[in-house]
Every structure is written in structure tokens, then in C-alpha cells.
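Just below is one structure, and these are the notes that go with it.
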Amino acid sequence: MTENGLHAEDALVISGRALHSRLILGSGGFPRQSALVDAIAASGAELVTVAMRRVEPDAPGSLLDVLDSAGVDVLPNTAGCYTARDAVLTARLAREALGTDWIKLEVIGDERTLLPDAPELLAAAETLVDEGFVVLPYTSDDPVIARRLEDLGCAAVMPLGSPIGSGMGIRNPYNIAIICERATVPVVLDAGVGTASDAALAMELGCDAVLCASAIARAADPVAMAAAIRAAIEAGRLAAGAGRIPRRLYAEASSPDAGLADLSSSTSARGGAPSLGEPR
Amino acid sequence: MNSPHQHCEVAVIGGGAIGLAVAWRAAQRGMSVVVLERDEVGMGASHVAAGMLAAVGEADPGERGLLELALESAARWPSFAEELAEACGIDPGYRRCGTLRVARDRDEAEALEHEADRRRELGLAVRRLRPSEARAREPALAPTIRQALELPDDHAVDPRLLCATLARAADAAGAQLRERAGVARVLARGERVSGVELADGSLLDCEKVVVAAGCWSGVDGLVPVGAELPVRPVKGQILRLRDPLGPGLLRGVVRVDHAYLVARGDGRYVLGATVEDRGFDTTVTAGGAWELIRDVAEAVPGVLELELEEMTAGLRPGTPDNAPFVGAGVLEGLVWATGHYRNGILLCPVTAELVAAELAGEAGAGIAAAFSPTRFATVGAGALT
């Protein structure tokens, strides 16, 4: 690694595949196709998720055509599935239709919160891993469930920061940090990002990547927000590597007390800038 | 079918609201016009559309050009409807009923507040209503609603009546309407349009062709290679309901997130609509009905007492930027009036005017430039198609 930490070798590797962008973009919720195309360009994302329930692979001019033209890879997801059975069937359908073994696994437990259903998620993950899928499960911020998913053979874990589309940021940063600390597969913060600082925080907590959909798609200016979140992810990754200072209750002066400038003459005489001779 | 070589000045492909309105306006200007409709007139997206004239409700800060066009068209609607009624003796069902946008819970109330701010920034008329004020206006609203926004300039029209009146008006103005006359392709000689070939193999010579074929405007082979535009079908499921007790449940339009209810004023209601990218699929689904009814019933519980008369799915003509293609494209004589997505009925008056002016060779109004069919030409072949 070089000093700035942003060189080409700093790739995110999932299941042996290197991704140079640490932002995975969700394709849902964009107000128009052109906004999605422009946001993809601004985000630098290489991987874009698509809800299998909402696409028709053969439809001309549809989402898949747009993503193909944009030169990104499609990561199908099982959004809208409420049972392990439905999720497994959807994943198989995706493999058939799109020719990819990768699946972002979502098994939703409740329509109002869209929170993951852990038992169904584990069951579906087990089946899909057995069938040779590269499984990226959307999970709660519970470190135990994340560990179980990893043990089952998932290629990454994708804990939520807060409910899908809520824009509430990371509600339990301690759990996210624990998940990151213990995981041996990449951790991708999935839901909850509302703005750029949330994405930066995720990276500072140790996440390897961030998945973002609503925060970009539903922003007043999706393209500007895509650029902002991309920059935030880079900044957060740098900051995580840079090592933050410990938090303290009381101040600690950043400059030594000794050798302070004598300000009495300069300020009274010219009213201008004090001597800048001392390092601050 | 008949004589192999027929002739007209303008052939309009598509007998929906847009095609019929273009034909009416062009015929009024003295052009000889033939409308070629693959099915019966008004049986495509126009048959399914709810008829909300929602320039304000559909406004998006990222689509200012479209907003300008929508406001222009909304302003033309009263005189358009009046002229139409005079031309054929039937009222097209234009109702100045206004719209209420309703929030059902705290999250939606906050989002509504945000929406109101964005609309005010765009200079649009919106008014925040307390739940009690909203319920005074529409007593059928649930006592549990958290907040409402009045959109006083968003009205409604009955698209089925509209198509019937437009067809009569176009006919009275001298346009010829041919049903079950699908077009196989537009013919060109050199760099300009020479006519159309119909599905039955017959030919129609003409100087100009208007493509108003809705979501079918983008199908392969319809226009010569190089002239194609990215138009795709966007499915919408919609329900038609009837109150056995007659009118009275609702006065105007009520919108919630992802659904709306439009009162026709005679005890009939339209409840719509899903937005699905599913190609040319037009099946109606249990899930579609459930989502729509659930969302609206939370705001207007009385909707559950209505009789379900009809459930249909139609295909909106979608474009990459949600804005229509209006005006001349790259091929001389080929004029586009398509891609109106969710706003076809609203944009009918202004589209018909702009296209008729284009056909008459008048200099394009400034507003038309943003909707030029050539605006995606720089994207590179096929990039957005």
C-alpha cells in the first residue's frame, strides 16, 4: 500500500473478483433512466443491483439494456421475497436469465420495516451456497447472524445501517464495528445511507464497501449525490487507514504552551496579524 | 386492401389521444390527414389512463423543461376542452376539481413537507392543509391522515370521453380515421419520407408521417434505420370502480404515495396505477390490485365499499428522460408525437399545437426545442435504446 491508500491495488475482492469501486449502486427508485445512467457515471460503480421481481429480461429499452450500455455488471437481488423458498427460486431465475452466479440475497420479514427475516435468510443462504451461488446476504446489524452467514459460506455480509430507504444512517455503529472486526469476508454496509457522511462513517467503522440506492436515486440531484457519496467512501476509507485520534472529554492543546509569540507590540501598533513565526 | 396506391398529405400512426388531437389540429389547418390505428381509436394507453392533469403533482426538480411544457399544456386545457365540446357537441369530461395529496403517517407527512418546499421553490401553487381542513373538503378521507397538500391547479379529464370527442372532432374537420389499420413500416425515398406500408401490405403515399404510436413508437423496423427513438413500454395496472349509491364519496383527486383515486363526478372512480418495466406484458395481477387498493384505502376507507367494474393494464410510452419526443427528427417529413409517459393526456393540447405547427412549416416555438427527437443523437448509436 502506498501512502495515500487509493492506488489501484486497493481493490475490493469478493469471491476472487476485484472491484475498484467500493460503491455498489442500487438501480431502484430513480426518477428517470437518464438519471440512473448519469449517476452510474458519477458514482464510478462497477456493480449495480437489480430487483429480479421488477425486470423483464427480454424487454427492449428496459433497465437491463440501460445497465448493459452503461458498461456495469448486474448484481441481481431477491428484493420482495418473504420466504426462503421464494428467494431461492428468484436466485435460480436470475442465474438463468442473466447468466450470473452472484446473488444479493434479501429475505424480508416485515412489509412495514423491510427488515430481514433471519431464520429464512440463513435457510436460503445455505441452499444457495450449496448450489454454487456467490451469496451476498442483506442482513440485520446483528454480529451473530453476520457470523453465521459467513460460516455458511457467504461471499460477503451486507448489514443494514437502518431500514431500507429510511435514510436514517447507521443506528448502531458499535454493532457494525464488531461485524467488521470479526468478519473474514468483505462487509458491505447495505441500507440506511441518507447522505454522504453516512457512507464515510461506514468506511471509518471498517466496512469494505457501501451499497446505496435511495440516498442517490431519491436525492433532488441524484448525479451530484452519487459524486458526493463516491468521494465520501474514498474519504472514509482513507480515514480508516489513517487512524483517528482517541476521543477525550477535555481539550488537549494542539500546540505547546512554551514559546508563545509576544503579541503586545504587533497587535497594538498595526492592528494586523500577529506574528506567525510560531508553529501552530 | 383497396387500391394499392392511396395518397394523403399527412399520415398519423396511432389513434390515441395524441394522434387524434394532432389529426384534429392538422385537419383544422386544411391538411389532408389519415389516422392509421392498429386497433380501435383510443384503445391503447388512452383507454387505460386515469386522466389526471397533474402538472404540479408530477413535477420533479430534475425535469424543469418538462414542467414548463406541462404547465403550458395545463393552461391550454380549459379552452381546448371548450373548443372540443363545441366542435362535436359532446363534453370531453374536463373537471376543474383540484387535487389533494395526503400523508398517512409521520414519515409521509415529513416527505410531503419536503415535496411542498420543492414545489414552492419551483414557483408552483401548493397549500398545506391541516387534516381537519382536508377532511372538510373531502369528508371521505380517513380520520387518521397526518397532513395534506392542496394542489389547486391539478385537474382531471375522462380520457375515454376525450378520445371519443377527439375522434368526432377530427372526423368533422375532415381527417380520415382508419381503424384496424396497423402500420408495418414508414417508407423513405432518399432522405425523406414517402409513405407508409400497412400491415396488410397496402401502401399509402404521403408527404409527412406523424408517429403517435405510444409505446409501439420504438419497435424495431417501424421507421428506417437511423431514425429510431428510444421509447419503451412501462406497464400500469389500474382499477375502475363504481359507487352504487351514486356520486358523493369524493369530489376530486386524492393522491397518496404510489397511488391515486380520481373521481369522475358521477359515482365512478379510477384507482391507479402501478409503474412496471415489464416489456409488453399487460396481465393484471393480484399483487397489483392489492397494493393499489391497500394504499388508497388507508387514505379513503370508503373505497372498499365500491364495486369493482374493471381492472386493466396499459403501456405508457417511456423515454430515457421521461420527456416526450415532439417535433421533427432526422428524417425529413417524419414528425414525432410520442413518449409522453405518465403525462400523455395532460400534454395532449400543447403537443397537438406544436406538431400541427411543425407540419405547417411554422418556425418551432421555443418550448419545443427541449423535446426535440434528436436530443439523444449525441449519445452514440444504441447507447440508450
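Labels for the C-alpha cells follow display order: chains A, B, ..., residues from 1 in each chain, ligands from 1.
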
Mind dumping a table of every chain B residue within 12 Å of chain A, with the nearest atom pair and its distance in Å to one decimal, using only C-alpha atoms, sorted by chain and rising number, as CSV?
residue,atom,partner,partner_atom,distance
B:Glu58,CA,A:Pro31,CA,10.6
B:Ala59,CA,A:Pro31,CA,10.8
B:Asp60,CA,A:Pro31,CA,8.2
B:Pro61,CA,A:Ala220,CA,6.6
B:Gly62,CA,A:Asp221,CA,6.8
B:Glu63,CA,A:Pro31,CA,9.4
B:Asp105,CA,A:Arg112,CA,11.9
B:Asp107,CA,A:Ser166,CA,9.0
B:Glu108,CA,A:Ser166,CA,11.3
B:Glu110,CA,A:Ser166,CA,11.9
B:Ala111,CA,A:Ser166,CA,11.2
B:His114,CA,A:Ala220,CA,10.4
B:Glu115,CA,A:Ala220,CA,10.3
B:Asp117,CA,A:Ala220,CA,11.7
B:Arg118,CA,A:Ala220,CA,8.8
B:Arg119,CA,A:Ala220,CA,11.7
B:Cys215,CA,A:Pro60,CA,10.9
B:Trp216,CA,A:Pro60,CA,11.0
B:Gly218,CA,A:Gly61,CA,9.0
B:Val219,CA,A:Pro60,CA,8.5
B:Asp220,CA,A:Pro60,CA,9.5
B:Leu229,CA,A:Gly61,CA,10.3
B:Pro230,CA,A:Gly61,CA,6.8
B:Val231,CA,A:Gly61,CA,7.2
B:Arg232,CA,A:Gly61,CA,5.5
B:Pro233,CA,A:Gly61,CA,8.4
B:Val234,CA,A:Ser62,CA,9.0
B:Lys235,CA,A:Arg54,CA,11.1
B:His258,CA,A:Gly29,CA,11.8
B:Thr274,CA,A:Arg54,CA,11.5
B:Val275,CA,A:Arg54,CA,9.8
B:Glu276,CA,A:Arg54,CA,6.8
B:Asp277,CA,A:Val55,CA,6.1
B:Arg278,CA,A:Glu56,CA,4.8
B:Gly279,CA,A:Ala59,CA,4.2
B:Phe280,CA,A:Ala59,CA,7.3
B:Asp281,CA,A:Glu56,CA,9.1
B:Gly287,CA,A:Gly80,CA,11.5
B:Glu291,CA,A:Glu111,CA,11.6
B:Pro317,CA,A:Gly61,CA,11.1
B:Gly318,CA,A:Gly61,CA,9.1
B:Thr319,CA,A:Gln33,CA,7.8
B:Pro320,CA,A:Gln33,CA,4.7
B:Asp321,CA,A:Ser34,CA,5.2
B:Asn322,CA,A:Arg32,CA,5.9
B:Ala323,CA,A:Arg32,CA,9.4
B:Tyr341,CA,A:Arg32,CA,10.7
B:Arg342,CA,A:Arg32,CA,11.8
B:Phe376,CA,A:Ser34,CA,10.3
B:Val379,CA,A:Ser69,CA,10.6
B:Gly380,CA,A:Ser69,CA,10.3
B:Ala381,CA,A:Ser69,CA,10.3
B:Gly382,CA,A:Ser69,CA,7.9
B:Ala383,CA,A:Ser69,CA,5.4
B:Leu384,CA,A:Val66,CA,6.2
B:Thr385,CA,A:Gly61,CA,5.2

**Q.** Selected residue, from A:Arg147, A:His20, A:Arg171, A:Arg95, that lies nearest to Gly194 (chain A) when counting only C-alpha atoms
**A.**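 Answer, going by the shortest atom-to-atom distance: A:Arg171.
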
Q.
Run DSSP on the backbone and tell me which residues of region 80-135 of chain B come out as alpha helix (DSSP H); list them as JSON, numbers by chain.
A. {"B": [80, 81, 82, 83, 84, 85, 86, 87, 88, 106, 107, 108, 109, 110, 111, 112, 113, 114, 115, 116, 117, 118, 119, 120, 121, 131, 132, 133, 134, 135]}

Requested write-out: C-alpha atoms of the selected residues, as an mmCIF file, in the first residue's frame:
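So the final result, stored in out_30.cif, reads:
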data_model
loop_
_atom_site.group_PDB
_atom_site.id
_atom_site.type_symbol
_atom_site.label_atom_id
_atom_site.label_comp_id
_atom_site.auth_asym_id
_atom_site.auth_seq_id
_atom_site.Cartn_x
_atom_site.Cartn_y
_atom_site.Cartn_z
ATOM 1 C CA PHE B 80 -59.062 23.019 -25.533
ATOM 2 C CA ALA B 81 -61.950 21.243 -23.797
ATOM 3 C CA GLU B 82 -64.352 24.041 -24.665
ATOM 4 C CA GLU B 83 -63.357 24.079 -28.311
ATOM 5 C CA LEU B 84 -63.640 20.308 -28.454
ATOM 6 C CA ALA B 85 -67.121 20.369 -26.951
ATOM 7 C CA GLU B 86 -68.188 22.985 -29.496
ATOM 8 C CA ALA B 87 -66.655 21.050 -32.385
ATOM 9 C CA CYS B 88 -68.550 17.838 -31.736
ATOM 10 C CA ARG B 106 -45.406 10.718 10.184
ATOM 11 C CA ASP B 107 -42.840 9.671 7.587
ATOM 12 C CA GLU B 108 -45.150 10.597 4.745
ATOM 13 C CA ALA B 109 -46.027 13.893 6.428
ATOM 14 C CA GLU B 110 -42.350 14.808 6.521
ATOM 15 C CA ALA B 111 -41.901 13.761 2.924
ATOM 16 C CA LEU B 112 -44.946 15.840 1.981
ATOM 17 C CA GLU B 113 -43.456 18.866 3.695
ATOM 18 C CA HIS B 114 -40.316 18.327 1.644
ATOM 19 C CA GLU B 115 -42.385 17.954 -1.534
ATOM 20 C CA ALA B 116 -44.217 21.187 -0.755
ATOM 21 C CA ASP B 117 -40.923 23.044 -0.334
ATOM 22 C CA ARG B 118 -39.578 21.740 -3.618
ATOM 23 C CA ARG B 119 -42.751 22.810 -5.405
ATOM 24 C CA ARG B 120 -42.708 26.257 -3.843
ATOM 25 C CA GLU B 121 -39.099 26.648 -4.982
ATOM 26 C CA PRO B 131 -56.075 17.169 8.441
ATOM 27 C CA SER B 132 -59.316 18.841 9.575
ATOM 28 C CA GLU B 133 -59.229 21.240 6.626
ATOM 29 C CA ALA B 134 -58.550 18.412 4.205
ATOM 30 C CA ARG B 135 -61.421 16.402 5.660
#

Q | Exercise: Ala51 (chain A) partners within 9 Å, only C-alpha atoms, chain neighbours under 3 positions left out, as an MDAnalysis selection string | A | chainID A and resid 26:28 54:55 75:80

Can you write just those residues out, C-alpha atoms, as a compact mmCIF listing (two decimals), in the first residue's frame?
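again.txt, freshly written:
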# COMPACT_ATOMS: atom_id res chain seq x y z
CA GLY A 26 -28.91 0.14 -6.38
CA SER A 27 -30.91 0.78 -9.54
CA GLY A 28 -34.34 1.18 -7.95
CA ARG A 54 -39.08 -5.79 -11.28
CA VAL A 55 -37.32 -6.61 -14.50
CA LEU A 75 -25.97 -7.89 -9.39
CA PRO A 76 -29.43 -9.41 -9.21
CA ASN A 77 -31.25 -9.27 -5.89
CA THR A 78 -34.21 -11.08 -4.41
CA ALA A 79 -36.00 -7.95 -3.20
CA GLY A 80 -39.62 -8.53 -2.39

**Q.** Contacts of region 196-211 of chain B within 10 Å, only C-alpha atoms, excl. fewer than 6 positions in-chain, as a PyMOL selection string
**A.** chain B and resi 1-14+18-19+22-23+32-36+38+180-188+217-218+222-223+325-328+332-338+355-356+359

Q. Near Val300 (chain B), counting only C-alpha atoms, which residues have an atom at most 8 Å away, once you skip same-chain residues fewer than 5 positions from it, shown as a list in words?
A.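 Residues near the query, excluding close chain neighbours: Ala140, Leu141 and Ala142 of chain B.
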
Set the distance at 7 Å and use only C-alpha atoms: which residues neighbour region 181-191 of chain A once local chain neighbours fewer than 6 positions away are removed? I'd like the list as a PDB file with C-alpha atoms, in the first residue's frame.
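Generated file (selection_12.pdb):
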ATOM      1  CA  ILE A  14     -15.329 -10.530  -3.376  1.00  0.00           C
ATOM      2  CA  TYR A 138     -28.627  -8.421   3.223  1.00  0.00           C
ATOM      3  CA  ARG A 147     -21.038 -14.578  11.626  1.00  0.00           C
ATOM      4  CA  ALA A 155     -19.008 -14.367  -0.030  1.00  0.00           C
ATOM      5  CA  ALA A 156     -19.710 -11.160   1.874  1.00  0.00           C
ATOM      6  CA  VAL A 157     -22.083  -9.903   4.513  1.00  0.00           C
ATOM      7  CA  MET A 158     -24.247  -6.855   4.000  1.00  0.00           C
ATOM      8  CA  PRO A 159     -25.537  -5.490   7.288  1.00  0.00           C
ATOM      9  CA  LEU A 160     -28.027  -2.658   7.358  1.00  0.00           C
ATOM     10  CA  GLY A 161     -27.294   0.708   8.909  1.00  0.00           C
ATOM     11  CA  SER A 162     -31.025   1.342   9.317  1.00  0.00           C
ATOM     12  CA  PRO A 163     -34.156   0.256   7.425  1.00  0.00           C
ATOM     13  CA  ILE A 164     -34.160   0.310   3.616  1.00  0.00           C
ATOM     14  CA  GLY A 165     -34.942   3.742   2.232  1.00  0.00           C
ATOM     15  CA  ALA A 202     -19.470   3.199   7.351  1.00  0.00           C
ATOM     16  CA  CYS A 207     -16.742  -1.577   6.150  1.00  0.00           C
ATOM     17  CA  ASP A 208     -15.178  -2.642   2.856  1.00  0.00           C
ATOM     18  CA  ALA A 209     -17.860  -1.084   0.674  1.00  0.00           C
ATOM     19  CA  VAL A 210     -21.232   0.639   0.747  1.00  0.00           C
ATOM     20  CA  LEU A 211     -24.369  -0.149  -1.181  1.00  0.00           C
ATOM     21  CA  CYS A 212     -26.500   2.874  -1.906  1.00  0.00           C
TER      22      CYS A 212
END

(Q) Report, in Å with one decimal, the straight-line distance from CA of Gly272 (chain B) to CA of Ala215 (chain A). (A) 26.4 Å

If you count only C-alpha atoms, which residues fall within 9 Å of Leu128 (chain A), apart from same-chain ones fewer than 3 positions away, as an mmCIF file with N, CA and C atoms, in the first residue's frame?
data_model
loop_
_atom_site.group_PDB
_atom_site.id
_atom_site.type_symbol
_atom_site.label_atom_id
_atom_site.label_comp_id
_atom_site.auth_asym_id
_atom_site.auth_seq_id
_atom_site.Cartn_x
_atom_site.Cartn_y
_atom_site.Cartn_z
ATOM 1 N N VAL A 88 -34.921 -18.423 -3.064
ATOM 2 C CA VAL A 88 -34.129 -19.421 -3.794
ATOM 3 C C VAL A 88 -34.614 -19.512 -5.240
ATOM 4 N N ALA A 91 -33.423 -16.497 -7.112
ATOM 5 C CA ALA A 91 -31.991 -16.567 -7.414
ATOM 6 C C ALA A 91 -31.727 -17.485 -8.607
ATOM 7 N N ARG A 92 -32.437 -18.590 -8.641
ATOM 8 C CA ARG A 92 -32.260 -19.517 -9.776
ATOM 9 C C ARG A 92 -32.717 -18.856 -11.077
ATOM 10 N N ILE A 103 -25.594 -13.423 -6.345
ATOM 11 C CA ILE A 103 -26.943 -13.028 -5.943
ATOM 12 C C ILE A 103 -26.880 -12.235 -4.642
ATOM 13 N N ALA A 123 -31.595 -19.995 6.028
ATOM 14 C CA ALA A 123 -32.007 -21.188 5.271
ATOM 15 C C ALA A 123 -31.745 -20.986 3.780
ATOM 16 N N ALA A 124 -32.114 -19.820 3.270
ATOM 17 C CA ALA A 124 -31.930 -19.548 1.838
ATOM 18 C C ALA A 124 -30.441 -19.504 1.499
ATOM 19 N N ALA A 125 -29.647 -18.874 2.389
ATOM 20 C CA ALA A 125 -28.202 -18.767 2.130
ATOM 21 C C ALA A 125 -27.571 -20.153 2.047
ATOM 22 N N GLU A 131 -25.755 -24.642 -3.862
ATOM 23 C CA GLU A 131 -25.993 -24.704 -5.307
ATOM 24 C C GLU A 131 -24.944 -23.929 -6.095
ATOM 25 N N GLY A 132 -23.922 -23.461 -5.401
ATOM 26 C CA GLY A 132 -22.809 -22.825 -6.098
ATOM 27 C C GLY A 132 -22.944 -21.333 -6.332
ATOM 28 N N PHE A 133 -23.926 -20.720 -5.707
ATOM 29 C CA PHE A 133 -24.073 -19.269 -5.867
ATOM 30 C C PHE A 133 -23.020 -18.519 -5.051
ATOM 31 N N VAL A 134 -22.667 -17.337 -5.531
ATOM 32 C CA VAL A 134 -21.886 -16.385 -4.741
ATOM 33 C C VAL A 134 -22.922 -15.525 -4.017
ATOM 34 N N VAL A 135 -23.088 -15.791 -2.726
ATOM 35 C CA VAL A 135 -24.214 -15.212 -1.997
ATOM 36 C C VAL A 135 -23.771 -13.992 -1.189
#

(Q) Going by DSSP on the backbone, which residues of region 8-94 of chain B come out as strand (DSSP E)? List them as a ChimeraX atom specification. (A) /B:8-13,33-36,52-53

Q) So how far away is CA of Gly169 (chain A) from CA of Ser197 (chain A), in Å? A)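 CA of Ser197 (chain A) sits 8.6 Å away from CA of Gly169 (chain A).
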
Q.
Given only C-alpha atoms as the basis, pick out the residue of A:Arg244, A:Ala251, A:Val107, A:Glu234 nearest to Arg22 (chain A).
A. A:Glu234

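In this model, the gap between CA of Ile238 (chain B) and CA of Pro301 (chain B) comes to 17.9 Å.
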